[in-house]
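What follows is one structure encoded as structure tokens, with my remarks underneath.
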Amino acid sequence: GRPSPYLQARLDLALDLWRQGKATVFIVSGSTSDDEPATMRDYLVENGVDEADIVLDEGGDDSYASCARAADRFGVEQITVVSQSYHVPRTVATCRLVGIDAVGVGDDTRAKDATWNSYVRRELAANIKMLIDVVARRDVGQNEPDPAVREALERHG
């Protein structure tokens, strides 16, 4: 029920953007095997974000799925991706390849620990997988279009 140190660092960075007025609506996307989207929502709400400004994507089991679902299911055209800095280039590229104008903000607070280094090493394989997913337009179970992001943004004018 609590975010891992890596996830908490990403959420804290997203909260900083929100407090600066650079973000208004959050899509929390991640693995449902450990209820990651709900954990993210709960943490954001505990830190002052209105639950109506948080959209859960429970099909974001990898970066391609998160980006493809943001575009196809939620109708997102622009996004700020928040992740660890080693992960931002791939996620921004993925979003752009599926039609979203994306920028990224990366967290480095956990940089250089053993876990960080193992994730950096896996980025090459993850980039290759992403390219295969994009070219194949892998089905990520978009289901029906969901207006939640649009509706949340409309509340902010």
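Residues are named by chain letter and number: chains run A, B, ... in the order of the structure tokens, numbers start at 1 in each chain, and ligands are numbered from 1 in the order shown.
By only C-alpha atoms, and with residues fewer than 2 positions from A:Gly1 along its chain excluded, the set lying at most 9 Å from it is Pro3, Asp34, Asp35, Glu36, Ala38, Thr39 and Asp42 of chain A.
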Would you mind exporting the chosen residues as a PDB file, in the first residue's frame, restricted to C-alpha atoms?
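Dumped to out00.pdb:
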ATOM      1  CA  PRO A   3       5.100   3.393  -2.746  1.00  0.00           C
ATOM      2  CA  ASP A  34       0.854  -4.898  -7.103  1.00  0.00           C
ATOM      3  CA  ASP A  35      -1.950  -2.306  -7.385  1.00  0.00           C
ATOM      4  CA  GLU A  36       0.549   0.386  -8.363  1.00  0.00           C
ATOM      5  CA  ALA A  38      -4.074   2.806  -6.584  1.00  0.00           C
ATOM      6  CA  THR A  39      -0.918   3.220  -4.489  1.00  0.00           C
ATOM      7  CA  ASP A  42      -3.514   7.284  -2.534  1.00  0.00           C
TER       8      ASP A  42
END
### Task
With a distance cut-off of 9 Å and only C-alpha atoms, select the neighbouring residues of A:Cys67, excluding the residue or stretch itself and same-chain residues fewer than 5 positions from it, and output the selection as a ChimeraX atom specification.
/A:60,62,72,91-92,94-96,98,100
Emit the selected residues as a PDB file, in the first residue's frame, including N, CA and C atoms.
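Produced file again.pdb, reproduced below:
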ATOM      1  N   GLY A  60      -1.296  -0.142 -17.691  1.00  0.00           N
ATOM      2  CA  GLY A  60       0.036   0.331 -18.053  1.00  0.00           C
ATOM      3  C   GLY A  60       1.133  -0.565 -17.529  1.00  0.00           C
ATOM      4  N   ASP A  62       3.735  -1.653 -19.023  1.00  0.00           N
ATOM      5  CA  ASP A  62       5.060  -1.229 -19.469  1.00  0.00           C
ATOM      6  C   ASP A  62       4.910   0.139 -20.123  1.00  0.00           C
ATOM      7  N   ASP A  72      -4.721   6.383 -27.061  1.00  0.00           N
ATOM      8  CA  ASP A  72      -5.900   5.750 -27.656  1.00  0.00           C
ATOM      9  C   ASP A  72      -7.101   5.680 -26.724  1.00  0.00           C
ATOM     10  N   THR A  91      10.605   6.703 -22.601  1.00  0.00           N
ATOM     11  CA  THR A  91       9.181   6.953 -22.440  1.00  0.00           C
ATOM     12  C   THR A  91       8.728   8.142 -23.281  1.00  0.00           C
ATOM     13  N   VAL A  92       9.511   9.191 -23.315  1.00  0.00           N
ATOM     14  CA  VAL A  92       9.174  10.337 -24.161  1.00  0.00           C
ATOM     15  C   VAL A  92       9.159   9.911 -25.629  1.00  0.00           C
ATOM     16  N   THR A  94       8.619   6.946 -26.825  1.00  0.00           N
ATOM     17  CA  THR A  94       7.455   6.077 -27.029  1.00  0.00           C
ATOM     18  C   THR A  94       6.198   6.910 -27.203  1.00  0.00           C
ATOM     19  N   CYS A  95       6.000   7.866 -26.309  1.00  0.00           N
ATOM     20  CA  CYS A  95       4.818   8.735 -26.418  1.00  0.00           C
ATOM     21  C   CYS A  95       4.797   9.436 -27.776  1.00  0.00           C
ATOM     22  N   ARG A  96       5.914   9.969 -28.186  1.00  0.00           N
ATOM     23  CA  ARG A  96       5.967  10.680 -29.471  1.00  0.00           C
ATOM     24  C   ARG A  96       5.664   9.733 -30.634  1.00  0.00           C
ATOM     25  N   VAL A  98       3.711   7.234 -30.632  1.00  0.00           N
ATOM     26  CA  VAL A  98       2.286   6.885 -30.691  1.00  0.00           C
ATOM     27  C   VAL A  98       1.410   8.124 -30.839  1.00  0.00           C
ATOM     28  N   ILE A 100       1.750  11.384 -29.212  1.00  0.00           N
ATOM     29  CA  ILE A 100       1.592  12.335 -28.109  1.00  0.00           C
ATOM     30  C   ILE A 100       2.795  13.275 -28.097  1.00  0.00           C
TER      31      ILE A 100
END
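Between atom CA of A:Val149 and atom CA of A:Phe74 the separation is 6.1 Å.
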### Shortest interatomic distance to A:Asp16 - which of A:Val105, A:Asp57, A:Ser4, A:Glu77, counting only C-alpha atoms
A:Val105
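Across A:Ala70, A:Ala148, A:Asp101, A:Tyr86, the tightest approach to A:Trp116 is made by A:Tyr86 when counting only C-alpha atoms.
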As a PDB file with N, CA, C and O atoms, in the first residue's frame, please: all residues of stretch 10-154 of chain A that backbone DSSP puts in strand (DSSP E).
ATOM      1  N   PHE A  26      -3.278  14.159 -13.285  1.00  0.00           N
ATOM      2  CA  PHE A  26      -2.323  13.061 -13.240  1.00  0.00           C
ATOM      3  C   PHE A  26      -2.941  11.816 -13.853  1.00  0.00           C
ATOM      4  O   PHE A  26      -4.075  11.468 -13.522  1.00  0.00           O
ATOM      5  N   ILE A  27      -2.197  11.145 -14.720  1.00  0.00           N
ATOM      6  CA  ILE A  27      -2.540   9.783 -15.115  1.00  0.00           C
ATOM      7  C   ILE A  27      -1.552   8.901 -14.372  1.00  0.00           C
ATOM      8  O   ILE A  27      -0.346   9.008 -14.574  1.00  0.00           O
ATOM      9  N   VAL A  28      -2.058   8.067 -13.490  1.00  0.00           N
ATOM     10  CA  VAL A  28      -1.193   7.147 -12.769  1.00  0.00           C
ATOM     11  C   VAL A  28      -1.322   5.792 -13.441  1.00  0.00           C
ATOM     12  O   VAL A  28      -2.378   5.188 -13.469  1.00  0.00           O
ATOM     13  N   SER A  29      -0.224   5.387 -14.034  1.00  0.00           N
ATOM     14  CA  SER A  29      -0.229   4.198 -14.869  1.00  0.00           C
ATOM     15  C   SER A  29       0.831   3.240 -14.373  1.00  0.00           C
ATOM     16  O   SER A  29       1.959   3.647 -14.086  1.00  0.00           O
ATOM     17  N   ILE A  54      -7.059  12.827 -10.659  1.00  0.00           N
ATOM     18  CA  ILE A  54      -6.202  11.654 -10.824  1.00  0.00           C
ATOM     19  C   ILE A  54      -6.964  10.608 -11.630  1.00  0.00           C
ATOM     20  O   ILE A  54      -8.054  10.199 -11.246  1.00  0.00           O
ATOM     21  N   VAL A  55      -6.380  10.204 -12.734  1.00  0.00           N
ATOM     22  CA  VAL A  55      -6.981   9.192 -13.604  1.00  0.00           C
ATOM     23  C   VAL A  55      -6.150   7.919 -13.489  1.00  0.00           C
ATOM     24  O   VAL A  55      -4.938   7.945 -13.708  1.00  0.00           O
ATOM     25  N   LEU A  56      -6.810   6.834 -13.131  1.00  0.00           N
ATOM     26  CA  LEU A  56      -6.113   5.554 -13.012  1.00  0.00           C
ATOM     27  C   LEU A  56      -6.073   4.834 -14.348  1.00  0.00           C
ATOM     28  O   LEU A  56      -7.108   4.685 -15.013  1.00  0.00           O
ATOM     29  N   ASP A  57      -4.877   4.419 -14.748  1.00  0.00           N
ATOM     30  CA  ASP A  57      -4.707   3.549 -15.906  1.00  0.00           C
ATOM     31  C   ASP A  57      -4.193   2.223 -15.374  1.00  0.00           C
ATOM     32  O   ASP A  57      -3.025   2.095 -15.029  1.00  0.00           O
ATOM     33  N   GLN A  78      -0.966  15.834 -25.340  1.00  0.00           N
ATOM     34  CA  GLN A  78       0.251  16.392 -24.744  1.00  0.00           C
ATOM     35  C   GLN A  78       0.399  15.821 -23.342  1.00  0.00           C
ATOM     36  O   GLN A  78      -0.600  15.651 -22.637  1.00  0.00           O
ATOM     37  N   ILE A  79       1.672  15.565 -22.969  1.00  0.00           N
ATOM     38  CA  ILE A  79       1.896  14.986 -21.644  1.00  0.00           C
ATOM     39  C   ILE A  79       3.289  15.345 -21.146  1.00  0.00           C
ATOM     40  O   ILE A  79       4.215  15.534 -21.936  1.00  0.00           O
ATOM     41  N   THR A  80       3.407  15.450 -19.842  1.00  0.00           N
ATOM     42  CA  THR A  80       4.706  15.520 -19.186  1.00  0.00           C
ATOM     43  C   THR A  80       4.910  14.190 -18.489  1.00  0.00           C
ATOM     44  O   THR A  80       4.120  13.818 -17.620  1.00  0.00           O
ATOM     45  N   VAL A  81       5.935  13.490 -18.897  1.00  0.00           N
ATOM     46  CA  VAL A  81       6.266  12.186 -18.327  1.00  0.00           C
ATOM     47  C   VAL A  81       7.191  12.411 -17.138  1.00  0.00           C
ATOM     48  O   VAL A  81       8.172  13.147 -17.240  1.00  0.00           O
ATOM     49  N   VAL A  82       6.877  11.775 -16.019  1.00  0.00           N
ATOM     50  CA  VAL A  82       7.731  11.852 -14.839  1.00  0.00           C
ATOM     51  C   VAL A  82       8.197  10.434 -14.530  1.00  0.00           C
ATOM     52  O   VAL A  82       7.385   9.529 -14.341  1.00  0.00           O
ATOM     53  N   SER A  83       9.521  10.265 -14.489  1.00  0.00           N
ATOM     54  CA  SER A  83      10.082   8.956 -14.190  1.00  0.00           C
ATOM     55  C   SER A  83      11.513   9.141 -13.696  1.00  0.00           C
ATOM     56  O   SER A  83      11.971  10.271 -13.529  1.00  0.00           O
ATOM     57  N   GLN A  84      12.210   8.032 -13.469  1.00  0.00           N
ATOM     58  CA  GLN A  84      13.634   8.147 -13.182  1.00  0.00           C
ATOM     59  C   GLN A  84      14.333   8.618 -14.466  1.00  0.00           C
ATOM     60  O   GLN A  84      13.887   8.312 -15.573  1.00  0.00           O
ATOM     61  N   ASP A 101       2.531  14.565 -27.996  1.00  0.00           N
ATOM     62  CA  ASP A 101       3.581  15.555 -27.813  1.00  0.00           C
ATOM     63  C   ASP A 101       4.033  15.444 -26.361  1.00  0.00           C
ATOM     64  O   ASP A 101       3.296  15.820 -25.445  1.00  0.00           O
ATOM     65  N   ALA A 102       5.227  14.922 -26.153  1.00  0.00           N
ATOM     66  CA  ALA A 102       5.679  14.605 -24.795  1.00  0.00           C
ATOM     67  C   ALA A 102       6.983  15.304 -24.453  1.00  0.00           C
ATOM     68  O   ALA A 102       7.854  15.478 -25.310  1.00  0.00           O
ATOM     69  N   VAL A 103       7.071  15.688 -23.188  1.00  0.00           N
ATOM     70  CA  VAL A 103       8.327  16.127 -22.584  1.00  0.00           C
ATOM     71  C   VAL A 103       8.507  15.287 -21.325  1.00  0.00           C
ATOM     72  O   VAL A 103       7.553  14.693 -20.825  1.00  0.00           O
ATOM     73  N   GLY A 104       9.724  15.268 -20.819  1.00  0.00           N
ATOM     74  CA  GLY A 104       9.975  14.443 -19.650  1.00  0.00           C
ATOM     75  C   GLY A 104      10.733  15.174 -18.567  1.00  0.00           C
ATOM     76  O   GLY A 104      11.520  16.078 -18.847  1.00  0.00           O
ATOM     77  N   VAL A 105      10.472  14.761 -17.348  1.00  0.00           N
ATOM     78  CA  VAL A 105      11.178  15.258 -16.181  1.00  0.00           C
ATOM     79  C   VAL A 105      11.678  14.031 -15.433  1.00  0.00           C
ATOM     80  O   VAL A 105      10.897  13.130 -15.115  1.00  0.00           O
ATOM     81  N   GLY A 106      12.976  14.006 -15.164  1.00  0.00           N
ATOM     82  CA  GLY A 106      13.559  12.819 -14.555  1.00  0.00           C
ATOM     83  C   GLY A 106      14.053  13.041 -13.145  1.00  0.00           C
ATOM     84  O   GLY A 106      14.584  14.102 -12.809  1.00  0.00           O
ATOM     85  N   ASP A 107      13.882  12.041 -12.325  1.00  0.00           N
ATOM     86  CA  ASP A 107      14.348  12.050 -10.944  1.00  0.00           C
ATOM     87  C   ASP A 107      15.680  11.316 -10.854  1.00  0.00           C
ATOM     88  O   ASP A 107      15.846  10.244 -11.436  1.00  0.00           O
TER      89      ASP A 107
END
